Every structure is written in structure tokens, then in C-alpha cells.
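Some notes on the structure that comes next.
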Protein chains: 2
Amino acid sequence: MWPDHRIQDFFGIELPIIQAPMAGAVGEAMAIAVSEAGGLGSLPCAMLSPDEARTALGQVRERTTRPINLNFFCHQPPRHNPERERAWQQRLTPYYLELGIDLDLSVATPSRTSFDAALCDVVVELAPTIVSFHFGLPDKQLLDRIKTTGAKLMSSATTVEEARWLEQAGCDAIIAQGAEAGGHRGMFLTSNVSTQIGTMALVPQVVDAVSVPVIAAGGIADARGIVAAFALGASAVQMGTAYLRCPETLISPLHRQALAQARDDQTVLTNVFTGRPARALVNRLVREVGPISNLAPDFPGAAAAVMPLRLAAEPAGADDFSFMLSGQAAPLGLDLPAAELTRQLATASLARFA
Amino acid sequence: MWPDHRIQDFFGIELPIIQAPMAGAVGEAMAIAVSEAGGLGSLPCAMLSPDEARTALGQVRERTTRPINLNFFCHQPPRHNPERERAWQQRLTPYYLELGIDLDLSVATPSRTSFDAALCDVVVELAPTIVSFHFGLPDKQLLDRIKTTGAKLMSSATTVEEARWLEQAGCDAIIAQGAEAGGHRGMFLTSNVSTQIGTMALVPQVVDAVSVPVIAAGGIADARGIVAAFALGASAVQMGTAYLRCPETLISPLHRQALAQARDDQTVLTNVFTGRPARALVNRLVREVGPISNLAPDFPGAAAAVMPLRLAAEPAGADDFSFMLSGQAAPLGLDLPAAELTRQLATASLARFA
């Protein structure tokens with residue numbers, strides 16, 4: 001038996017396993033598979049327009065009636081800073097020259113939208129069970145509109161201070177995102193990566209600081225991690241990297257291959273891909289320009305100048321400029337379909353609790 | 001019942017709780033208290049001369065017959081590098097001027113000795129139950145001499161690669177030191193702090209990689225952490241910061257006060273105090289010169305020029321230049337005598353396993 005049932009009862013899910021949203025890497029198929037298996041599937045909307053989000057959730061709704069989590073970014077939209085963008089472009093110019101790319105080449109870069117009134121309209125219209133945010137929370141006015149739909153609210157805390165802030169602002173559950181986690185740090189009251197806290201230390205301190213249920217994230221990729229998270233006081237886990245290797249993900253073959261070969265010590269917190277710190281596999285761009293560059297324009301602005309490099313390198317089989325999300329527990333992952341992975345994780349965890 | 005008994009059986013201890021050595025911060029009283037309570041007390045010898053180590057262990061032996069761990073550093077002794085030392089001195093000169101310290105002042109700095117033949121003689125003579133190392137292992141010749149005494153060997157791994165290396169070299173148990181841990185990183189095959197791994201991700205990967213028992217360290221400061229560590233596959237825990245607040249420690253009143261007030265997000269991996277990365281509370285020196293400075297001379301050389309600053313600042317109540325070891329779970333600590341803390345941790349853990 002699961003030692004804590006709060007998240008299951010509250011969200012109406014069978015298993016306290018949440019698939020992390022991972023914008024750009026997962027879509028409807030993953031969310032449907034995880035929710036149908038009894039976990040909580042998450043549909044990342046940060047890179048979708050309001051219309052795309054509406055269509056995506058509509059497709060999910062056709063194939064499952066189970067709870068679904070819609071996830072949005074809520075960063076401060078960046079100020080236009082031509083000087084910084086020029087400096088960043090200059091820092092990357094040697095790579096453009098090496099790859100023979102026109103310096104004026106501009107390619108379509110997936111946008112990363114901050115939650116706004118138009119996206120809020122979609123939420124109000126489609127009324128998902130759960131709405132989660134990354135990078136804090138949106139303005140109170142938007143938050144109040146979401147709450148009128150009855151949706152449960154959650155967001156990520158990377159420190160105790162952020163957890164307290166989120167509870168105060170009305171979150172129904174808090175994701176304690178330990179430093180091991182892959183992808184963007186949810187940090188919003190600090191920008192200092194050097195003081196970010198590991199899951200083992202963060203989870204019990206967040207549990208002590210707030211009264212809402214806490215979801216552990218970061219470095220959890222098998223049943224051992226799930227059982228450990230509950231021991232620390234968590235009421236559920238959110239797993240990203242473990243799901244990245246599922247066939248349902250939209251990642252490139254290069255990313256998939258790199259994950260399968262990853263070692264524990266090959267990821268780093270870097271801002272070179274988007275302008276915000278995210279844990280990713282170390283590659284040439286990270287090594288030579290990062291891991292943290294003061295030249296990278298504000299999130300998500302850094303991505304535009306990197307994209308042409310990635311597009312030029314990948315067809316030749318080089319992941320030198322690819323943004324390859326990964327947490328520190330990638331080697332614990334399995335190449336299983338998402339539903340089967342969810343069920344296996346639950347079965348193996350329950351066997352350990354028994 | 002403890003779910004894994006390998007370390008207890010192997011070391012002949014009652015409780016799978018190891019007090020971390022913490023050179024400079026603990027002495028005989030702590031080691032005796034923890035061992036008498038049923039855990040494994042560790043006597044740090046890295047800042048002791050062979051004669052001091054002999055005397056210290058003699059005093060321990062008079063007061064307990066239980067197993068004791070003698071701990072040594074085994075870093076490469078630094079090459080003398082006058083240019084680097086001058087650059088470091090120059091970087092610190094503004095603080096000397098501010099505090100009115102003579103730039104030529106040289107004060108006694110506690111030495112940090114690398115394990116050598118003379119210290120090996122002490123080990124062979126006194127035959128402790130366990131000998132542990134930090135920063136890898138000493139030369140094979142010294143290691144072979146230790147093994148003839150029947151002592152069990154252990155050392156810290158911060159990556160899977162280091163764990164494999166230590167097992168290959170003959171370690172009987174491996175401490176998986178997650179990035180949350182206070183004090184010096186045991187890293188010896190890498191010097192890159194940005195890829196260091198959190199306990200939640202590191203422990204299961206080390207457990208999968210080696211066949212000797214694994215001791216989890218880093219971010220574990222209460223029964224929740226102990227139970228979580230066992231869930232991850234560990235056979236014991238090593239706890240440092242949790243013991244730092246015991247009355248038996250030799251830390252300064254300023255350090256003690258800072259630990260009692262510490263928050264989760266106030267430590268950092270820094271090399272400014274000794275030249276090697278160590279997790280410590282953020283203070284002025286860390287903020288302004290670190291956290292990682294390329295000017296800091298090789299370990300332990302950076303300490304000499306910092307010591308006069310510390311000695312000048314502390315009497316005025318300022319911890320601006322004090323090396324205040326702390327892991328990320330300091331706020332979970334309790335001000336209890338070491339024996340009582342050990343027993344409480346064991347009782348609370350056993351209640352959760354039941």
C-alpha cells in the first residue's frame with residue numbers, strides 16, 4: 001500500500017506518479033498513456049499557441065477521461081536587448097563560420113510562451129483537472145480565473161523559500177524540484193545555481209515548511225527512488241528523465257542515443273540553450289561556451305542563435321549544439337512504453353512498501 | 001529491523017550510522033560517544049601529526065573497546081608555486097588592508113597532511129577496526145601495509161567511475177558522497193564541481209556498479225533521510241552536518257550559531273578556504289572571491305593566506321572569512337549530545353522500518 005494517499009485522493013488518480021511535462025519532448029501520446037495507466041499524464045503547453053493547446057487537449061480528451069495536468073511556463077517575458085543579442089551572436093560566430101552558416105540566417109525557433117490571457121481562456125474553456133506552472137506562478141488575476149474552474153494548482157519550488165511563497169500564493173501541491181532534475185530549474189526567487197539543493201536535502205525541508213502535499217522530483221528514475229521519496233515525506237513523485245526514453249517522446253534520435261549511453265556525471269546546469277539554467281547532457285556548446293554564460297540573452301532569447309547551429313550539425317550526426325535534457329539518473333532509465341513503465345514502477349514500489 | 005545488515009556485520013557495529021570524520025571539527029570525544037552509542041565513531045587524523053594521532057587513538061582506546069574509524073586525507077601534496085601564492089595573496093590584499101593586517105603576517109595554519117609512511121606506522125601500530133580515506137586512496141604499498149593489520153578499508157566516491165575505481169583498488173565499502181554533503185568533496189578522478197551528483201541519483205547508481213556495501217552520505221540529517229538511503233540500496237549512512245551541532249564538536253561559536261540559523265539555500269561548493277571544493281556556508285569571502293576561484297593555490301595551500309583574515313575578523317564577531325562546513329540539510333539538525341543523537345536517529349529509523 002502507498003504510505004501516503006493525499007495526492008491520489010486530491011487529484012483523483014490511482015498511482016502517485018506524475019510524468020513531468022518536458023515541453024518540446026512530449027506530447028499527447030505520452031500524457032494519454034501515463035494517465036490511462038493510472039498515473040498523472042502532463043501535457044506541456046509552453047511551446048504551444050492557444051489554438052495548438054486547445055487542439056492538443058481536445059485530442060487527449062477524446063482518448064482518456066482520466067485526470068490530466070496542463071503545464072505552462074510563467075516567466076517574465078524578456079525585454080528586447082539588442083546589445084546582449086549581438087554579444088551572444090558574436091560569441092557563437094566562430095561556430096557559424098565553422099559550419100558554413102550565413103551569419104544573418106534566421107530560422108524558426110520554437111517559441112516558449114509565458115502564460116497569458118489567451119492561454120488562460122483555453123484553460124477556462126477546457127477545464128483540465130490540474131494546472132501546473134514552472135518559474136513561479138502567473139499574475140493573481142489569471143490565477144483567480146483558473147481557480148474558478150475548480151482546477152488544482154501546482155508549481156515547482158527549488159528552495160524552501162520558494163515553497164513557502166507558492167503555498168502562500170494558493171498552490172494546492174508543491175513540486176520540490178531537487179538539483180538532480182533534468183530540464184529547466186523552476187527557480188523564480190533566485191537565479192543562483194550554485195546554491196540549488198539536492199532532492200535528499202530539499203524534500204524533507206519543504207515537507208516541514210508547508211502544509212500542502214509535496215511531490216518529489218529530481219534523480220528519481222526507478223522504484224528505489226520512489227520509495228525513498230516517500231520516506232522523505234513526499235506524497236507523490238514527478239519523473240521526467242525516466243519517461244524520456246519511452247517511444248512516445250518526441251526527442252531526436254541523437255538525444256535518444258545520448259540518453260541510452262549517458263553516465264551519472266555527464267549532465268550539468270547550463271543556460272546556453274535558452275538563457276535559463278536547465279540540466280542537460282554536456283556537449284560541445286556547454287563545454288566551450290557554458291555551462292553558465294553571462295552573454296546568454298534572457299530566457300528564452302538565447303535559443304534563437306543556437307538553433308541554426310543545431311540544425312546544421314544534427315544531419316551530420318553531431319549533437320554538439322543540441323539541447324539534450326537529462327537528469328542525473330538517466331542510466332537508471334528503461335526503454336519501455338510509457339504505460340508499461342508507469343505500471344512497472346508502481347508494482348515495484350508497492351512490492352517494497354509491503 | 002534494519003533492512004540491510006551488511007555493514008553492521010562487517011564492521012562489528014550495532015547501528016548502521018557512521019559519524020563523518022570532519023577534520024578540525026571533531027576529536028576523540030565525538031568518536032567515543034558515537035561508538036559507545038552503537039554507531040561508528042570516526043577520528044579524523046588529517047590535521048594531526050603522527051604523534052598526535054597516536055595520542056588521540058590511545059585516548060579513544062582507553063574509553064571504548066568498540067570499533068573506531070581512523071580517517072586520513074590522501075591528496076597529492078601540492079607543488080610549491082610561488083607565482084600562484086602571490087596572486088592569491090594579492091587577491092586577498094584588500095581584506096588585509098581593510099582589517100589592518102600586516103601583509104607579511106604569517107600565522108600558524110593547521111596543516112592538512114597527506115597519508116604517508118609515518119602515519120601508516122601509527123595505523124599498523126594501533127590497528128584500528130576501520131581506516132577510511134578522502135580524495136581517493138594512498139599508494140598501493142601503504143595500502144598493503146594497512147591490509148596486513150586486518151583493518152577494513154573505505155573511501156568516498158562522488159561518481160560511479162570513482163566507486164568502480166575504489167572497489168578495484170581494494171575498498172571493502174564505498175561511501176557514495178552526494179553533492180548535498182558538507183565539507184570537502186572526496187572527488188579524485190574529476191575536479192569539475194558542476195557535474196557532481198545528488199545523493200538521490202548517485203546512491204542507486206553506485207549500488208548497481210559495485211558489489212561491496214555502499215554507505216550513503218549527503219543531505220541525510222534525520223530518520224527520514226536514513227530510511228530513504230536504505231530504500232536507495234545503501235547499507236548504512238554517514239552523517240556529518242547532523243553531528244556538527246552536538247556539544248562535542250570543536251567548531252567556533254560563530255560557526256555553531258550560523259549552523260543553527262542556516263537555511264537550505266545558504267551553502268555552496270567553494271575552494272576559497274583550502275584550494276579544494278568543499279561545501280560550506282556562504283559568507284563574505286565565498287561571495288566576493290568564490291565560490292570557485294582559479295587563483296586559489298592547490299589544496300591545502302589556499303588556507304594559509306585566509307587564516308590571518310579569519311583570526312582578525314572572528315574576535316569582532318564576524319564570520320566573513322571563517323570556513324564554516326555545512327551540508328544542505330543543516331536545518332534538520334538538533335542540538336543533542338552525540339550519543340543521544342545517534343540513539344534517537346536509530347530509534348526513529350527503526351520505527352519507520354517496522
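Going through the C-alpha cells in order, the chains are called A, B, and so on, while each chain numbers its residues from 1 and the ligands are numbered from 1 in the order shown.
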* Skipping near chain neighbours, those fewer than 6 positions away, what residues fall within 6 Å of region 44-61 of chain A using only C-alpha atoms, listed as a list of chain:residue names? -> A:Pro21, A:Ala23, A:Glu28, A:Asn71, A:Phe72, A:Phe73, A:Ser111, A:Arg112, A:Thr113, A:Leu119
* **strand (DSSP E or B) positions in region 168-318 of chain A, given as JSON, numbers by chain** => {"A": [173, 174, 175, 176, 177, 183, 184, 214, 215, 216, 217, 236, 237, 238, 239, 267, 268, 269, 270, 278, 279, 280, 281]}
* Leaving out Val212 (chain B) and any residue of its chain fewer than 3 positions from it, which residues lie within 10 Å of it when counting only C-alpha atoms, given as a ChimeraX atom specification? -> /B:6-7,163,167,170-174,206-207,209,215,235
Residue selection dump (C-alpha atoms) as a PDB file, in the first residue's frame:
```pdb
ATOM      1  CA  ARG B   6      25.994  -5.985   5.816  1.00  0.00           C
ATOM      2  CA  ILE B   7      27.842  -3.001   7.240  1.00  0.00           C
ATOM      3  CA  ALA B 163      33.230   3.977  -6.983  1.00  0.00           C
ATOM      4  CA  GLU B 167      36.359  -1.208  -5.468  1.00  0.00           C
ATOM      5  CA  GLY B 170      40.511  -2.949  -2.720  1.00  0.00           C
ATOM      6  CA  CYS B 171      37.985  -0.903  -0.728  1.00  0.00           C
ATOM      7  CA  ASP B 172      35.757  -3.035   1.491  1.00  0.00           C
ATOM      8  CA  ALA B 173      32.958  -0.471   1.479  1.00  0.00           C
ATOM      9  CA  ILE B 174      32.301   2.679  -0.504  1.00  0.00           C
ATOM     10  CA  VAL B 206      26.812   3.243  -7.234  1.00  0.00           C
ATOM     11  CA  VAL B 207      24.909   0.315  -5.708  1.00  0.00           C
ATOM     12  CA  ALA B 209      28.016  -0.563 -10.170  1.00  0.00           C
ATOM     13  CA  ILE B 215      27.281   3.915   2.563  1.00  0.00           C
ATOM     14  CA  SER B 235      23.722  -0.491   3.705  1.00  0.00           C
TER      15      SER B 235
END
```
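Nearest to chain B of all the residues A:Leu43, A:Ala223, A:Ala108, A:Ala329 is A:Ala329, based on only C-alpha atoms.
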Contact check, region 27-79 of chain B to region 338-341 of chain B, at most 6 Å, counting only C-alpha atoms, closest pairs as a Markdown table:
```
| residue | atom | partner | partner_atom | distance |
| --- | --- | --- | --- | --- |
| B:Ala33 | CA | B:Ala339 | CA | 5.1 |
| B:Val34 | CA | B:Ala339 | CA | 5.3 |
| B:Ala37 | CA | B:Ala339 | CA | 5.1 |
```
Give me, as a PDB file with N, CA and C atoms, in the first residue's frame, the contact residues of chain A against chain B at a cut-off of 6 Å, counting only C-alpha atoms.
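For reference, selection12.pdb as written:
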```
ATOM      1  N   GLU A 180      19.067  17.440  -8.943  1.00  0.00           N
ATOM      2  CA  GLU A 180      19.342  16.338  -9.875  1.00  0.00           C
ATOM      3  C   GLU A 180      18.455  16.379 -11.114  1.00  0.00           C
ATOM      4  N   SER A 194      24.422  27.820  -7.945  1.00  0.00           N
ATOM      5  CA  SER A 194      25.389  27.165  -7.059  1.00  0.00           C
ATOM      6  C   SER A 194      24.802  26.807  -5.695  1.00  0.00           C
ATOM      7  N   THR A 195      23.690  27.422  -5.327  1.00  0.00           N
ATOM      8  CA  THR A 195      23.078  27.084  -4.041  1.00  0.00           C
ATOM      9  C   THR A 195      21.841  26.197  -4.200  1.00  0.00           C
ATOM     10  N   GLY A 198      19.945  19.495  -3.443  1.00  0.00           N
ATOM     11  CA  GLY A 198      19.660  18.122  -3.861  1.00  0.00           C
ATOM     12  C   GLY A 198      18.359  17.610  -3.263  1.00  0.00           C
ATOM     13  N   MET A 200      17.498  14.885  -1.758  1.00  0.00           N
ATOM     14  CA  MET A 200      17.565  14.278  -0.429  1.00  0.00           C
ATOM     15  C   MET A 200      17.456  15.334   0.677  1.00  0.00           C
ATOM     16  N   ALA A 201      18.049  16.485   0.456  1.00  0.00           N
ATOM     17  CA  ALA A 201      18.003  17.551   1.466  1.00  0.00           C
ATOM     18  C   ALA A 201      16.764  18.432   1.298  1.00  0.00           C
ATOM     19  N   GLY A 219      16.255  13.139  -9.820  1.00  0.00           N
ATOM     20  CA  GLY A 219      17.070  11.966  -9.522  1.00  0.00           C
ATOM     21  C   GLY A 219      16.282  10.705  -9.237  1.00  0.00           C
ATOM     22  N   ARG A 224      13.334   2.326  -6.399  1.00  0.00           N
ATOM     23  CA  ARG A 224      14.124   2.723  -5.227  1.00  0.00           C
ATOM     24  C   ARG A 224      13.951   4.210  -4.932  1.00  0.00           C
ATOM     25  N   ALA A 228      12.191   5.960  -1.696  1.00  0.00           N
ATOM     26  CA  ALA A 228      12.994   6.934  -0.946  1.00  0.00           C
ATOM     27  C   ALA A 228      12.256   8.266  -0.821  1.00  0.00           C
ATOM     28  N   ALA A 231       9.781   8.076   1.818  1.00  0.00           N
ATOM     29  CA  ALA A 231      10.457   8.076   3.127  1.00  0.00           C
ATOM     30  C   ALA A 231      10.795   9.502   3.553  1.00  0.00           C
ATOM     31  N   LEU A 232      11.103  10.352   2.578  1.00  0.00           N
ATOM     32  CA  LEU A 232      11.466  11.739   2.890  1.00  0.00           C
ATOM     33  C   LEU A 232      10.241  12.595   3.211  1.00  0.00           C
ATOM     34  N   ASP A 265      27.692  11.259 -14.436  1.00  0.00           N
ATOM     35  CA  ASP A 265      28.430  12.518 -14.282  1.00  0.00           C
ATOM     36  C   ASP A 265      28.524  13.292 -15.589  1.00  0.00           C
ATOM     37  N   THR A 267      25.890  15.323 -16.899  1.00  0.00           N
ATOM     38  CA  THR A 267      24.924  16.411 -17.060  1.00  0.00           C
ATOM     39  C   THR A 267      25.385  17.618 -16.250  1.00  0.00           C
ATOM     40  N   VAL A 268      24.817  18.761 -16.573  1.00  0.00           N
ATOM     41  CA  VAL A 268      25.235  19.995 -15.922  1.00  0.00           C
ATOM     42  C   VAL A 268      24.084  20.999 -15.995  1.00  0.00           C
ATOM     43  N   GLN A 328      20.159  13.527 -13.548  1.00  0.00           N
ATOM     44  CA  GLN A 328      21.372  12.787 -13.180  1.00  0.00           C
ATOM     45  C   GLN A 328      21.145  11.277 -13.058  1.00  0.00           C
ATOM     46  N   ALA A 329      19.904  10.839 -13.201  1.00  0.00           N
ATOM     47  CA  ALA A 329      19.633   9.411 -13.048  1.00  0.00           C
ATOM     48  C   ALA A 329      19.293   8.738 -14.373  1.00  0.00           C
TER      49      ALA A 329
END
```
* To do: Name the residues in contact with region 254-258 of chain A at a cut-off of 12 Å, using only C-alpha atoms, excluding same-chain residues fewer than 5 positions from it; report them as an MDAnalysis selection string.
  => chainID A and resid 25 241:249 263 266:267 280:283 310 313:326 330:331 333:335
Output for the residues just chosen: C-alpha atoms as an mmCIF file, in the first residue's frame:
```cif
data_model
loop_
_atom_site.group_PDB
_atom_site.id
_atom_site.type_symbol
_atom_site.label_atom_id
_atom_site.label_comp_id
_atom_site.auth_asym_id
_atom_site.auth_seq_id
_atom_site.Cartn_x
_atom_site.Cartn_y
_atom_site.Cartn_z
ATOM 1 C CA ALA A 25 9.948 16.439 -25.664
ATOM 2 C CA THR A 241 14.155 11.581 -17.406
ATOM 3 C CA ALA A 242 12.744 8.117 -16.683
ATOM 4 C CA TYR A 243 9.995 8.838 -19.229
ATOM 5 C CA LEU A 244 12.315 10.448 -21.793
ATOM 6 C CA ARG A 245 13.425 7.087 -23.130
ATOM 7 C CA CYS A 246 9.855 5.932 -23.807
ATOM 8 C CA PRO A 247 8.979 5.520 -27.506
ATOM 9 C CA GLU A 248 6.242 8.151 -27.032
ATOM 10 C CA THR A 249 8.742 11.013 -26.665
ATOM 11 C CA ARG A 263 26.699 8.283 -17.339
ATOM 12 C CA GLN A 266 27.604 13.820 -17.743
ATOM 13 C CA THR A 267 24.924 16.411 -17.060
ATOM 14 C CA ALA A 280 21.212 18.819 -19.880
ATOM 15 C CA LEU A 281 23.832 16.416 -21.165
ATOM 16 C CA VAL A 282 27.237 18.042 -21.547
ATOM 17 C CA ASN A 283 28.120 18.578 -25.191
ATOM 18 C CA ARG A 310 21.834 22.645 -34.149
ATOM 19 C CA ALA A 313 25.093 19.888 -37.094
ATOM 20 C CA GLU A 314 22.431 17.260 -36.469
ATOM 21 C CA PRO A 315 22.052 15.957 -40.056
ATOM 22 C CA ALA A 316 25.767 15.114 -39.919
ATOM 23 C CA GLY A 317 25.162 13.111 -36.737
ATOM 24 C CA ALA A 318 26.686 15.693 -34.381
ATOM 25 C CA ASP A 319 24.927 16.625 -31.146
ATOM 26 C CA ASP A 320 27.399 19.444 -30.472
ATOM 27 C CA PHE A 321 24.681 22.101 -30.304
ATOM 28 C CA SER A 322 21.625 20.024 -29.355
ATOM 29 C CA PHE A 323 19.701 20.795 -26.175
ATOM 30 C CA MET A 324 19.550 17.320 -24.663
ATOM 31 C CA LEU A 325 17.566 17.445 -21.439
ATOM 32 C CA SER A 326 18.589 14.908 -18.852
ATOM 33 C CA ALA A 330 19.366 8.774 -16.805
ATOM 34 C CA PRO A 331 21.335 5.494 -16.541
ATOM 35 C CA GLY A 333 16.019 4.504 -17.206
ATOM 36 C CA LEU A 334 14.457 1.720 -19.257
ATOM 37 C CA ASP A 335 13.308 1.705 -22.882
#
```
* List every residue of region 180-334 of chain A that DSSP, applied to the backbone, labels as alpha helix (DSSP H), and write the result as a PyMOL selection string. => chain A and resi 199-209+223-231+241-244+253-261+284-289+303-313
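CA of Thr149 (chain B) to CA of Gly39 (chain B) spans 22.0 Å [interatomic distance, one decimal].
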* To do: Determine, counting only C-alpha atoms, which protein, DNA and RNA residues have an atom within 7 Å of an atom of region 128-145 of chain B; residues of the same chain fewer than 3 positions away are not included. Present the result as a PyMOL selection string.
  => chain B and resi 67-75+115+117+120+123+148+151-156+186-188
* Tell me which protein, DNA and RNA residues are within 10 Å of Asp104 (chain B), counting only C-alpha atoms, leaving out same-chain ones fewer than 4 positions away, and put them as an MDAnalysis selection string. => chainID B and resid 89 96 305
Next, dump the selected residues to file, keeping only C-alpha atoms, as a PDB file, in the first residue's frame.
```
ATOM      1  CA  GLN B  89      47.821  36.903  -1.652  1.00  0.00           C
ATOM      2  CA  TYR B  96      44.266  42.651   4.771  1.00  0.00           C
ATOM      3  CA  ALA B 305      46.574  33.408   3.374  1.00  0.00           C
TER       4      ALA B 305
END
```
* To do: Can you work out the spacing between CA of Ala236 (chain B) and CA of Pro3 (chain A) in Å, to one decimal?
  =>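 These two atoms are separated by 22.8 Å.
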* **Point-to-point distance in Å for CA of Gly183 (chain A) and CA of Ala278 (chain A)** =>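 Taking CA of Ala278 (chain A) as the start and CA of Gly183 (chain A) as the end point, the length is 4.7 Å.
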* To do: Find the residue from A:Val214, A:Ala169, A:Ala303, A:Val272 that sits nearest to Glu288 (chain A); use only C-alpha atoms when measuring.
  =>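 Among the listed residues, A:Val272 lies closest to Glu288 (chain A).
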* Determine, counting only C-alpha atoms, which protein, DNA and RNA residues have an atom within 9 Å of an atom of Pro300 (chain B); residues of the same chain fewer than 2 positions away are not included. Present the result as a PyMOL selection string. => chain B and resi 77-78+111-113+273-276+297-298+302-304
